[in-house]
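**Q** Encoded as structure tokens, here's the structure I'll be asking about.
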Amino acid sequence: MKTIRSLYFWTVGTLFFGCLALVLAVLLVFVPPARMYPLVRKAFGLQLKLMGVRAVVRGQEQIEPGRSYLVMGNHESLFDIFIIPVAIPFFLVAVEAAYHFRLPIWGYLVRRWGCLPIDRNDMGQAIRDLARVKEVIKTGASVIILPEGHRTLTGEIQSFKKGPFHLALAAEATILPFAIKGLYAYKSKHSWQLNPQIVTWTFGRPIPYQEYRDLTVTALRDLVRERVVRLKAAPDEQPADPSNQNQ
């Protein structure tokens with residue numbers, strides 16, 4: 001039964017995304033990505049529903065309209081790419097592995113969207129890539145980066161790389177932490193099967209530069225990871241981030 005269900009979700013999801021990708025590829029020639037963002041949010045929400053995912057977003061009251069953020073959280077699944085625009089109500093670009101930009105169709109879409117590559121296999125190039133991301137953030141753009149670097153292999157949050165936190169300090173960015181819970185159970189890296197899930201995305205309290213500017217890169221990394229772990233571990237019926245209770 002699980003195999004048949006998974007085949008159905010993969011078939012429906014692939015057909016829908018194939019059509020959607022073609023529409024987006026054409027529209028991106030004529031329409032700025034920021035203007036297309038509401039359409040993408042609705043389309044990716046439908047993509048998730050068609051594939052058996054019900055997305056629940058919590059903590060949006062933490063977000064200040066009109067402010068730019070460096071958005072950071074955990075990386076659970078291949079399908080994180082679909083829930084990101086569903087959960088995040090403001091336009092942003094992503095920092096993605098450089099090889100994504102060489103993929104058929106997807107590579108074209110992320111380039112047109114304005115996403116930023118980072119080469120994980122070349123330290124010198126990665127440093128130059130992060131410098132470019134810093135300049136983008138300095139213009140007032142919002143950027144999302146997943147500091148684990150790779151999807152989790154166990155469902156647990158992995159260690160965070162230091163690069164994103166060098167970036168945060170250099171760009172003097174306001175960090176907006178989040179946690180995804182449920183997408184690993186839906187589709188792990190070890191299996192092709194899809195298991196219908198309620199997936200929760202929870203925002204934590206933003207961390208302005210003034211709060212962390214005196215921290216070392218290691219201390220900032222550990223602080224943000226701890227926030228993300230707490231967000232993911234919080235019971236759904238309770239406040240997601242204890243630090244929010246006194247806000």
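Chain identifiers are assigned as A, B, and so on, following the order in which chains appear in the structure tokens; residues are numbered from 1 within each chain, and ligands are numbered from 1 in order of appearance.
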For the strand (DSSP E or B) assignment from backbone DSSP, which residues of chain A qualify? Please present them as number ranges by chain.

**A** A: 53-58, 70-73, 93-97, 116-118, 143-145, 175-181, 197-203, 207

**Q** Could the residues in this selection be written to a file with N, CA and C atoms, as a tab-separated table (two decimals), in the first residue's frame?

**A**
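And here is the file that came out, out39.tsv:
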```tsv
chain	number	residue	atom	x	y	z
A	53	VAL	N	1.27	16.54	1.93
A	53	VAL	CA	1.84	17.32	3.03
A	53	VAL	C	0.89	18.44	3.41
A	54	ARG	N	0.56	18.50	4.69
A	54	ARG	CA	-0.20	19.63	5.21
A	54	ARG	C	0.76	20.50	6.01
A	55	ALA	N	0.98	21.72	5.57
A	55	ALA	CA	1.94	22.62	6.21
A	55	ALA	C	1.25	23.49	7.24
A	56	VAL	N	1.82	23.54	8.43
A	56	VAL	CA	1.34	24.41	9.51
A	56	VAL	C	2.48	25.36	9.86
A	57	VAL	N	2.22	26.67	9.81
A	57	VAL	CA	3.24	27.67	10.08
A	57	VAL	C	2.91	28.39	11.37
A	58	ARG	N	3.88	28.47	12.25
A	58	ARG	CA	3.70	29.11	13.55
A	58	ARG	C	4.76	30.17	13.76
A	70	LEU	N	18.39	37.46	7.66
A	70	LEU	CA	19.16	36.29	7.27
A	70	LEU	C	18.46	35.12	7.96
A	71	VAL	N	17.77	34.33	7.17
A	71	VAL	CA	16.90	33.27	7.69
A	71	VAL	C	17.71	31.98	7.80
A	72	MET	N	17.68	31.34	8.97
A	72	MET	CA	18.48	30.14	9.22
A	72	MET	C	17.65	29.09	9.94
A	73	GLY	N	17.81	27.83	9.52
A	73	GLY	CA	17.13	26.73	10.20
A	73	GLY	C	17.65	25.39	9.75
A	93	VAL	N	15.91	35.36	-1.36
A	93	VAL	CA	16.68	34.47	-2.22
A	93	VAL	C	17.43	33.49	-1.33
A	94	ALA	N	17.86	32.39	-1.93
A	94	ALA	CA	18.51	31.32	-1.18
A	94	ALA	C	19.98	31.21	-1.55
A	95	VAL	N	20.76	30.78	-0.56
A	95	VAL	CA	22.13	30.35	-0.81
A	95	VAL	C	22.07	28.85	-1.05
A	96	GLU	N	22.50	28.41	-2.22
A	96	GLU	CA	22.39	27.00	-2.59
A	96	GLU	C	23.74	26.44	-3.03
A	97	ALA	N	23.87	25.13	-2.92
A	97	ALA	CA	25.08	24.46	-3.39
A	97	ALA	C	25.29	24.77	-4.87
A	116	LEU	N	21.93	32.41	-4.83
A	116	LEU	CA	23.37	32.62	-4.75
A	116	LEU	C	24.08	31.29	-4.54
A	117	PRO	N	25.06	30.96	-5.39
A	117	PRO	CA	25.76	29.67	-5.26
A	117	PRO	C	26.86	29.72	-4.22
A	118	ILE	N	27.12	28.58	-3.61
A	118	ILE	CA	28.29	28.43	-2.74
A	118	ILE	C	28.93	27.08	-3.06
A	143	VAL	N	17.80	36.81	2.82
A	143	VAL	CA	18.48	35.63	2.29
A	143	VAL	C	18.25	34.47	3.25
A	144	ILE	N	18.04	33.27	2.70
A	144	ILE	CA	17.94	32.07	3.52
A	144	ILE	C	19.14	31.18	3.27
A	145	ILE	N	19.70	30.64	4.34
A	145	ILE	CA	20.82	29.71	4.26
A	145	ILE	C	20.60	28.63	5.32
A	175	ILE	N	19.22	37.87	12.33
A	175	ILE	CA	19.01	36.43	12.07
A	175	ILE	C	17.59	36.05	12.47
A	176	LEU	N	16.89	35.38	11.58
A	176	LEU	CA	15.55	34.88	11.86
A	176	LEU	C	15.61	33.35	11.88
A	177	PRO	N	15.60	32.74	13.09
A	177	PRO	CA	15.69	31.28	13.16
A	177	PRO	C	14.35	30.60	12.93
A	178	PHE	N	14.40	29.39	12.42
A	178	PHE	CA	13.20	28.60	12.23
A	178	PHE	C	13.54	27.12	12.41
A	179	ALA	N	12.51	26.31	12.58
A	179	ALA	CA	12.69	24.86	12.61
A	179	ALA	C	11.58	24.19	11.82
A	180	ILE	N	11.97	23.20	11.03
A	180	ILE	CA	11.02	22.35	10.30
A	180	ILE	C	10.92	21.03	11.05
A	181	LYS	N	9.70	20.55	11.22
A	181	LYS	CA	9.48	19.26	11.86
A	181	LYS	C	8.46	18.46	11.06
A	197	GLN	N	2.10	13.61	5.85
A	197	GLN	CA	2.45	14.17	7.15
A	197	GLN	C	1.84	15.55	7.33
A	198	ILE	N	1.63	15.91	8.60
A	198	ILE	CA	1.49	17.31	8.97
A	198	ILE	C	2.90	17.81	9.26
A	199	VAL	N	3.32	18.84	8.55
A	199	VAL	CA	4.68	19.38	8.70
A	199	VAL	C	4.58	20.76	9.34
A	200	THR	N	5.33	20.95	10.40
A	200	THR	CA	5.29	22.21	11.14
A	200	THR	C	6.54	23.03	10.87
A	201	TRP	N	6.33	24.27	10.54
A	201	TRP	CA	7.42	25.25	10.41
A	201	TRP	C	7.22	26.28	11.52
A	202	THR	N	8.22	26.48	12.36
A	202	THR	CA	8.09	27.40	13.48
A	202	THR	C	9.19	28.45	13.44
A	203	PHE	N	8.79	29.71	13.44
A	203	PHE	CA	9.74	30.82	13.55
A	203	PHE	C	10.04	31.10	15.01
A	207	ILE	N	17.05	37.58	16.00
A	207	ILE	CA	18.24	37.92	16.78
A	207	ILE	C	18.93	39.09	16.07
```

**Q** Compile the contact shell of Phe79 of chain A as a compact mmCIF listing (two decimals) with N, CA and C atoms, in the first residue's frame: residues with an atom at most 8 Å away, counting only C-alpha atoms, same-chain residues fewer than 4 positions apart removed.

**A**
```txt
# COMPACT_ATOMS: atom_id res chain seq x y z
N ILE A 83 8.46 24.04 1.01
CA ILE A 83 7.82 24.65 2.17
C ILE A 83 8.40 26.03 2.47
N LEU A 183 9.20 16.84 7.82
CA LEU A 183 9.56 16.51 6.44
C LEU A 183 10.52 15.34 6.35
N LYS A 187 9.84 12.28 3.85
CA LYS A 187 10.79 11.77 2.85
C LYS A 187 12.21 11.91 3.39
```

**Q** For Ile157 of chain A, find every residue with an atom within 9 Å (counting only C-alpha atoms), except residues of its own chain fewer than 4 positions away, and show them as a list of chain:residue names.

**A**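 Near Ile157 of chain A, the qualifying residues are A:Asn74, A:His75, A:Glu76, A:Glu148, A:Thr152, A:Arg225, A:Val228, A:Val229.
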
**Q** Skipping near chain neighbours, those fewer than 6 positions away, what residues fall within 8 Å of segment 153-156 of chain A using only C-alpha atoms, listed as a PyMOL selection string?

**A** chain A and resi 76+184-185+188-190

**Q** Just how far from atom CA of Leu20 of chain A is atom CA of Trp106 of chain A, in Å to one decimal?

**A**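 Atom-to-atom, atom CA of Trp106 of chain A and atom CA of Leu20 of chain A are spaced 11.4 Å apart.
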
**Q** Among segment 8-236 of chain A, which ones does DSSP assign to alpha helix (DSSP H) (computed from the backbone)? Answer as a tab-separated table (two decimals) with N, CA and C atoms, in the first residue's frame.

**A**
```tsv
chain	number	residue	atom	x	y	z
A	8	TYR	N	1.93	7.10	-6.52
A	8	TYR	CA	0.89	8.08	-6.87
A	8	TYR	C	1.37	9.50	-6.58
A	9	PHE	N	1.90	9.72	-5.37
A	9	PHE	CA	2.36	11.06	-5.01
A	9	PHE	C	3.51	11.52	-5.90
A	10	TRP	N	4.45	10.63	-6.19
A	10	TRP	CA	5.57	11.00	-7.07
A	10	TRP	C	5.07	11.36	-8.47
A	11	THR	N	4.12	10.59	-8.98
A	11	THR	CA	3.62	10.84	-10.33
A	11	THR	C	2.89	12.17	-10.41
A	12	VAL	N	1.95	12.38	-9.47
A	12	VAL	CA	1.19	13.62	-9.45
A	12	VAL	C	2.12	14.82	-9.22
A	13	GLY	N	3.02	14.67	-8.25
A	13	GLY	CA	3.92	15.76	-7.91
A	13	GLY	C	4.87	16.12	-9.04
A	14	THR	N	5.39	15.10	-9.73
A	14	THR	CA	6.32	15.35	-10.84
A	14	THR	C	5.62	16.03	-12.01
A	15	LEU	N	4.42	15.56	-12.32
A	15	LEU	CA	3.67	16.17	-13.43
A	15	LEU	C	3.33	17.63	-13.10
A	16	PHE	N	2.88	17.86	-11.86
A	16	PHE	CA	2.52	19.23	-11.48
A	16	PHE	C	3.74	20.13	-11.51
A	17	PHE	N	4.85	19.66	-10.93
A	17	PHE	CA	6.04	20.51	-10.89
A	17	PHE	C	6.60	20.74	-12.28
A	18	GLY	N	6.52	19.73	-13.15
A	18	GLY	CA	7.00	19.93	-14.52
A	18	GLY	C	6.25	21.05	-15.22
A	19	CYS	N	4.93	21.05	-15.08
A	19	CYS	CA	4.13	22.12	-15.69
A	19	CYS	C	4.42	23.46	-15.03
A	20	LEU	N	4.52	23.45	-13.71
A	20	LEU	CA	4.79	24.68	-12.97
A	20	LEU	C	6.15	25.26	-13.36
A	21	ALA	N	7.15	24.40	-13.48
A	21	ALA	CA	8.49	24.87	-13.82
A	21	ALA	C	8.51	25.54	-15.19
A	22	LEU	N	7.78	24.99	-16.13
A	22	LEU	CA	7.72	25.60	-17.47
A	22	LEU	C	7.06	26.97	-17.42
A	23	VAL	N	5.98	27.07	-16.64
A	23	VAL	CA	5.29	28.36	-16.51
A	23	VAL	C	6.22	29.39	-15.85
A	24	LEU	N	6.89	28.98	-14.78
A	24	LEU	CA	7.79	29.89	-14.09
A	24	LEU	C	8.96	30.30	-14.98
A	25	ALA	N	9.48	29.36	-15.75
A	25	ALA	CA	10.61	29.67	-16.63
A	25	ALA	C	10.25	30.76	-17.63
A	26	VAL	N	9.04	30.70	-18.15
A	26	VAL	CA	8.59	31.73	-19.10
A	26	VAL	C	8.34	33.05	-18.38
A	27	LEU	N	7.62	32.99	-17.26
A	27	LEU	CA	7.27	34.22	-16.55
A	27	LEU	C	8.50	34.97	-16.05
A	28	LEU	N	9.53	34.22	-15.64
A	28	LEU	CA	10.72	34.86	-15.11
A	28	LEU	C	11.50	35.66	-16.15
A	29	VAL	N	11.20	35.42	-17.41
A	29	VAL	CA	11.82	36.23	-18.48
A	29	VAL	C	11.25	37.65	-18.46
A	30	PHE	N	9.97	37.77	-18.04
A	30	PHE	CA	9.27	39.04	-18.16
A	30	PHE	C	8.93	39.69	-16.82
A	33	PRO	N	11.22	38.48	-10.02
A	33	PRO	CA	10.90	37.44	-9.04
A	33	PRO	C	10.08	37.93	-7.85
A	34	ALA	N	10.38	39.12	-7.35
A	34	ALA	CA	9.66	39.62	-6.18
A	34	ALA	C	8.16	39.76	-6.46
A	35	ARG	N	7.81	40.14	-7.68
A	35	ARG	CA	6.40	40.26	-8.03
A	35	ARG	C	5.74	38.90	-8.20
A	36	MET	N	6.54	37.89	-8.51
A	36	MET	CA	6.00	36.55	-8.69
A	36	MET	C	5.89	35.78	-7.38
A	37	TYR	N	6.46	36.31	-6.32
A	37	TYR	CA	6.54	35.55	-5.07
A	37	TYR	C	5.17	35.09	-4.55
A	38	PRO	N	4.12	35.94	-4.54
A	38	PRO	CA	2.81	35.44	-4.08
A	38	PRO	C	2.31	34.25	-4.90
A	39	LEU	N	2.55	34.28	-6.20
A	39	LEU	CA	2.14	33.15	-7.04
A	39	LEU	C	2.92	31.89	-6.68
A	40	VAL	N	4.22	32.03	-6.47
A	40	VAL	CA	5.05	30.88	-6.12
A	40	VAL	C	4.61	30.29	-4.77
A	41	ARG	N	4.29	31.15	-3.82
A	41	ARG	CA	3.83	30.66	-2.52
A	41	ARG	C	2.57	29.79	-2.66
A	42	LYS	N	1.63	30.25	-3.45
A	42	LYS	CA	0.39	29.48	-3.64
A	42	LYS	C	0.66	28.19	-4.41
A	43	ALA	N	1.48	28.28	-5.44
A	43	ALA	CA	1.76	27.11	-6.27
A	43	ALA	C	2.51	26.04	-5.49
A	44	PHE	N	3.50	26.44	-4.69
A	44	PHE	CA	4.25	25.46	-3.91
A	44	PHE	C	3.39	24.90	-2.78
A	45	GLY	N	2.46	25.69	-2.26
A	45	GLY	CA	1.52	25.17	-1.28
A	45	GLY	C	0.65	24.08	-1.88
A	46	LEU	N	0.19	24.30	-3.11
A	46	LEU	CA	-0.60	23.28	-3.80
A	46	LEU	C	0.25	22.06	-4.10
A	47	GLN	N	1.51	22.27	-4.47
A	47	GLN	CA	2.43	21.16	-4.71
A	47	GLN	C	2.50	20.25	-3.48
A	48	LEU	N	2.66	20.85	-2.30
A	48	LEU	CA	2.73	20.06	-1.08
A	48	LEU	C	1.44	19.30	-0.81
A	49	LYS	N	0.31	19.96	-0.99
A	49	LYS	CA	-0.98	19.30	-0.74
A	49	LYS	C	-1.18	18.12	-1.67
A	50	LEU	N	-0.83	18.29	-2.94
A	50	LEU	CA	-0.99	17.21	-3.90
A	50	LEU	C	-0.13	16.00	-3.56
A	80	ASP	N	12.18	20.50	1.47
A	80	ASP	CA	12.32	21.81	2.14
A	80	ASP	C	12.13	22.95	1.14
A	81	ILE	N	12.58	22.74	-0.10
A	81	ILE	CA	12.51	23.81	-1.10
A	81	ILE	C	11.07	24.25	-1.36
A	82	PHE	N	10.11	23.35	-1.14
A	82	PHE	CA	8.71	23.72	-1.39
A	82	PHE	C	8.07	24.41	-0.20
A	83	ILE	N	8.46	24.04	1.01
A	83	ILE	CA	7.82	24.65	2.17
A	83	ILE	C	8.40	26.03	2.47
A	84	ILE	N	9.61	26.32	2.01
A	84	ILE	CA	10.24	27.61	2.31
A	84	ILE	C	9.35	28.78	1.87
A	85	PRO	N	8.93	28.88	0.60
A	85	PRO	CA	8.08	30.03	0.24
A	85	PRO	C	6.69	29.96	0.84
A	86	VAL	N	6.20	28.76	1.14
A	86	VAL	CA	4.89	28.65	1.78
A	86	VAL	C	4.93	29.28	3.17
A	87	ALA	N	6.02	29.06	3.89
A	87	ALA	CA	6.12	29.52	5.27
A	87	ALA	C	6.56	30.97	5.39
A	106	TRP	N	15.93	23.27	-12.98
A	106	TRP	CA	16.07	23.89	-11.66
A	106	TRP	C	17.20	24.92	-11.65
A	107	GLY	N	18.30	24.58	-12.30
A	107	GLY	CA	19.42	25.51	-12.37
A	107	GLY	C	19.03	26.82	-13.03
A	108	TYR	N	18.26	26.72	-14.10
A	108	TYR	CA	17.80	27.94	-14.78
A	108	TYR	C	16.90	28.75	-13.86
A	109	LEU	N	15.99	28.07	-13.16
A	109	LEU	CA	15.04	28.77	-12.31
A	109	LEU	C	15.74	29.50	-11.16
A	110	VAL	N	16.70	28.84	-10.51
A	110	VAL	CA	17.34	29.49	-9.36
A	110	VAL	C	18.23	30.65	-9.81
A	111	ARG	N	18.82	30.53	-11.00
A	111	ARG	CA	19.61	31.65	-11.51
A	111	ARG	C	18.73	32.85	-11.80
A	112	ARG	N	17.60	32.61	-12.47
A	112	ARG	CA	16.68	33.71	-12.78
A	112	ARG	C	16.08	34.32	-11.51
A	113	TRP	N	15.91	33.49	-10.49
A	113	TRP	CA	15.33	33.97	-9.23
A	113	TRP	C	16.31	34.87	-8.49
A	123	MET	N	37.32	25.72	-0.71
A	123	MET	CA	37.25	26.67	0.39
A	123	MET	C	37.47	28.10	-0.08
A	124	GLY	N	38.44	28.30	-0.97
A	124	GLY	CA	38.70	29.64	-1.47
A	124	GLY	C	37.50	30.22	-2.19
A	125	GLN	N	36.88	29.40	-3.04
A	125	GLN	CA	35.70	29.86	-3.77
A	125	GLN	C	34.53	30.09	-2.80
A	126	ALA	N	34.39	29.23	-1.80
A	126	ALA	CA	33.31	29.39	-0.82
A	126	ALA	C	33.44	30.73	-0.10
A	127	ILE	N	34.66	31.12	0.23
A	127	ILE	CA	34.88	32.42	0.90
A	127	ILE	C	34.47	33.56	-0.02
A	128	ARG	N	34.82	33.45	-1.30
A	128	ARG	CA	34.40	34.49	-2.26
A	128	ARG	C	32.89	34.50	-2.44
A	129	ASP	N	32.28	33.31	-2.43
A	129	ASP	CA	30.82	33.22	-2.56
A	129	ASP	C	30.13	33.89	-1.38
A	130	LEU	N	30.63	33.65	-0.17
A	130	LEU	CA	30.03	34.26	1.02
A	130	LEU	C	30.21	35.77	1.02
A	131	ALA	N	31.32	36.24	0.48
A	131	ALA	CA	31.52	37.69	0.37
A	131	ALA	C	30.47	38.31	-0.54
A	132	ARG	N	30.12	37.59	-1.59
A	132	ARG	CA	29.07	38.08	-2.50
A	132	ARG	C	27.72	38.09	-1.80
A	133	VAL	N	27.44	37.05	-1.01
A	133	VAL	CA	26.18	37.01	-0.26
A	133	VAL	C	26.11	38.18	0.70
A	134	LYS	N	27.23	38.50	1.35
A	134	LYS	CA	27.27	39.64	2.29
A	134	LYS	C	26.86	40.92	1.58
A	135	GLU	N	27.36	41.13	0.38
A	135	GLU	CA	27.02	42.34	-0.36
A	135	GLU	C	25.54	42.38	-0.70
A	136	VAL	N	24.96	41.23	-1.01
A	136	VAL	CA	23.53	41.17	-1.30
A	136	VAL	C	22.73	41.54	-0.05
A	137	ILE	N	23.11	41.00	1.11
A	137	ILE	CA	22.41	41.32	2.36
A	137	ILE	C	22.53	42.81	2.68
A	138	LYS	N	23.70	43.37	2.41
A	138	LYS	CA	23.93	44.80	2.69
A	138	LYS	C	23.00	45.69	1.87
A	163	GLY	N	30.65	28.95	8.35
A	163	GLY	CA	30.58	29.95	7.29
A	163	GLY	C	29.40	30.90	7.39
A	164	PRO	N	28.17	30.39	7.58
A	164	PRO	CA	27.02	31.29	7.66
A	164	PRO	C	27.11	32.31	8.80
A	165	PHE	N	27.87	32.00	9.84
A	165	PHE	CA	27.94	32.89	10.99
A	165	PHE	C	29.06	33.92	10.83
A	166	HIS	N	30.10	33.56	10.08
A	166	HIS	CA	31.03	34.58	9.61
A	166	HIS	C	30.26	35.60	8.78
A	167	LEU	N	29.37	35.08	7.92
A	167	LEU	CA	28.56	35.93	7.05
A	167	LEU	C	27.66	36.85	7.87
A	168	ALA	N	26.97	36.30	8.85
A	168	ALA	CA	26.04	37.09	9.67
A	168	ALA	C	26.76	38.25	10.35
A	169	LEU	N	27.92	37.97	10.93
A	169	LEU	CA	28.68	39.01	11.61
A	169	LEU	C	29.19	40.06	10.64
A	170	ALA	N	29.67	39.63	9.48
A	170	ALA	CA	30.21	40.57	8.50
A	170	ALA	C	29.12	41.45	7.91
A	171	ALA	N	27.92	40.88	7.73
A	171	ALA	CA	26.82	41.62	7.12
A	171	ALA	C	25.99	42.38	8.15
A	183	LEU	N	9.20	16.84	7.82
A	183	LEU	CA	9.56	16.51	6.44
A	183	LEU	C	10.52	15.34	6.35
A	184	TYR	N	11.32	15.11	7.38
A	184	TYR	CA	12.18	13.92	7.37
A	184	TYR	C	11.32	12.66	7.42
A	185	ALA	N	10.29	12.68	8.25
A	185	ALA	CA	9.38	11.53	8.31
A	185	ALA	C	8.64	11.36	6.99
A	186	TYR	N	8.38	12.46	6.32
A	186	TYR	CA	7.70	12.39	5.02
A	186	TYR	C	8.61	11.79	3.95
A	209	TYR	N	21.58	42.13	15.18
A	209	TYR	CA	23.04	42.19	15.24
A	209	TYR	C	23.52	42.72	16.58
A	210	GLN	N	22.81	43.68	17.15
A	210	GLN	CA	23.23	44.28	18.41
A	210	GLN	C	23.29	43.26	19.55
A	211	GLU	N	22.52	42.17	19.43
A	211	GLU	CA	22.51	41.16	20.48
A	211	GLU	C	23.69	40.19	20.39
A	212	TYR	N	24.28	40.06	19.21
A	212	TYR	CA	25.33	39.04	19.07
A	212	TYR	C	26.65	39.60	18.56
A	217	VAL	N	32.39	33.67	16.38
A	217	VAL	CA	31.66	32.90	15.37
A	217	VAL	C	31.16	31.59	15.98
A	218	THR	N	31.99	30.92	16.76
A	218	THR	CA	31.60	29.65	17.37
A	218	THR	C	30.43	29.84	18.33
A	219	ALA	N	30.50	30.88	19.14
A	219	ALA	CA	29.42	31.13	20.10
A	219	ALA	C	28.11	31.48	19.40
A	220	LEU	N	28.20	32.25	18.33
A	220	LEU	CA	26.99	32.59	17.58
A	220	LEU	C	26.41	31.34	16.93
A	221	ARG	N	27.27	30.53	16.34
A	221	ARG	CA	26.80	29.27	15.73
A	221	ARG	C	26.06	28.43	16.76
A	222	ASP	N	26.64	28.28	17.94
A	222	ASP	CA	26.02	27.45	18.97
A	222	ASP	C	24.71	28.05	19.47
A	223	LEU	N	24.67	29.39	19.58
A	223	LEU	CA	23.44	30.06	20.01
A	223	LEU	C	22.30	29.79	19.03
A	224	VAL	N	22.57	29.97	17.74
A	224	VAL	CA	21.50	29.79	16.75
A	224	VAL	C	21.08	28.32	16.67
A	225	ARG	N	22.03	27.42	16.72
A	225	ARG	CA	21.67	26.00	16.68
A	225	ARG	C	20.80	25.62	17.88
A	226	GLU	N	21.16	26.14	19.05
A	226	GLU	CA	20.36	25.86	20.25
A	226	GLU	C	18.93	26.37	20.08
A	227	ARG	N	18.79	27.56	19.50
A	227	ARG	CA	17.43	28.10	19.27
A	227	ARG	C	16.64	27.19	18.33
A	228	VAL	N	17.30	26.73	17.26
A	228	VAL	CA	16.61	25.88	16.28
A	228	VAL	C	16.23	24.54	16.91
A	229	VAL	N	17.12	23.96	17.70
A	229	VAL	CA	16.82	22.70	18.38
A	229	VAL	C	15.62	22.86	19.30
A	230	ARG	N	15.58	23.95	20.04
A	230	ARG	CA	14.47	24.20	20.96
A	230	ARG	C	13.16	24.39	20.19
A	231	LEU	N	13.21	25.09	19.08
A	231	LEU	CA	12.01	25.29	18.27
A	231	LEU	C	11.46	23.97	17.78
A	232	LYS	N	12.35	23.10	17.33
A	232	LYS	CA	11.89	21.81	16.81
A	232	LYS	C	11.36	20.90	17.91
A	233	ALA	N	11.95	20.99	19.11
A	233	ALA	CA	11.57	20.10	20.20
A	233	ALA	C	10.31	20.53	20.93
```

**Q** Go ahead and compute the interatomic distance for atom CA of Ser68 of chain A and atom CA of Thr174 of chain A, in Å to one decimal.

**A**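 Between atom CA of Ser68 of chain A and atom CA of Thr174 of chain A the gap works out to 7.3 Å.
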
**Q** Find the residues near Pro65 of chain A: any atom within 12 Å, counting only C-alpha atoms, skip ones fewer than 2 places away on the same chain, and give them as a list in words.

**A** Gln60, Glu61, Gln62, Ile63, Arg67, Ser68, Tyr69, Ile88, Pro89, Phe90, Phe91 and Ser142 of chain A

**Q** I need the residues from that last selection saved to file as a compact mmCIF listing (two decimals), in the first residue's frame (with N, CA and C atoms), if you can.

**A**
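Result saved to result08.txt:
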```txt
# COMPACT_ATOMS: atom_id res chain seq x y z
N GLN A 60 4.64 33.48 12.96
CA GLN A 60 4.80 34.57 11.99
C GLN A 60 4.67 35.95 12.64
N GLU A 61 4.08 36.00 13.83
CA GLU A 61 3.99 37.29 14.53
C GLU A 61 5.37 37.80 14.94
N GLN A 62 6.38 36.93 14.88
CA GLN A 62 7.75 37.35 15.19
C GLN A 62 8.34 38.25 14.11
N ILE A 63 7.76 38.21 12.92
CA ILE A 63 8.35 38.89 11.76
C ILE A 63 7.88 40.33 11.70
N ARG A 67 11.26 44.47 7.12
CA ARG A 67 12.63 44.30 7.59
C ARG A 67 13.30 43.17 6.81
N SER A 68 14.60 43.27 6.61
CA SER A 68 15.33 42.19 5.94
C SER A 68 15.93 41.26 6.98
N TYR A 69 16.05 39.98 6.61
CA TYR A 69 16.52 38.97 7.53
C TYR A 69 17.50 38.02 6.84
N ILE A 88 7.42 31.42 4.49
CA ILE A 88 8.03 32.75 4.63
C ILE A 88 7.21 33.77 3.85
N PRO A 89 6.65 34.79 4.52
CA PRO A 89 5.72 35.70 3.86
C PRO A 89 6.36 36.83 3.07
N PHE A 90 7.69 36.91 3.08
CA PHE A 90 8.36 37.99 2.37
C PHE A 90 9.32 37.40 1.32
N PHE A 91 9.58 38.18 0.28
CA PHE A 91 10.47 37.71 -0.79
C PHE A 91 11.89 37.56 -0.26
N SER A 142 16.60 39.97 1.80
CA SER A 142 16.53 38.85 2.73
C SER A 142 17.07 37.60 2.04
```

**Q** Just the residues within 12 Å of Lys2 of chain A, please, counting only C-alpha atoms, with nothing from its chain fewer than 4 positions along; format it as a VMD selection string.

**A** chain A and resid 6 to 9 186 191 to 196
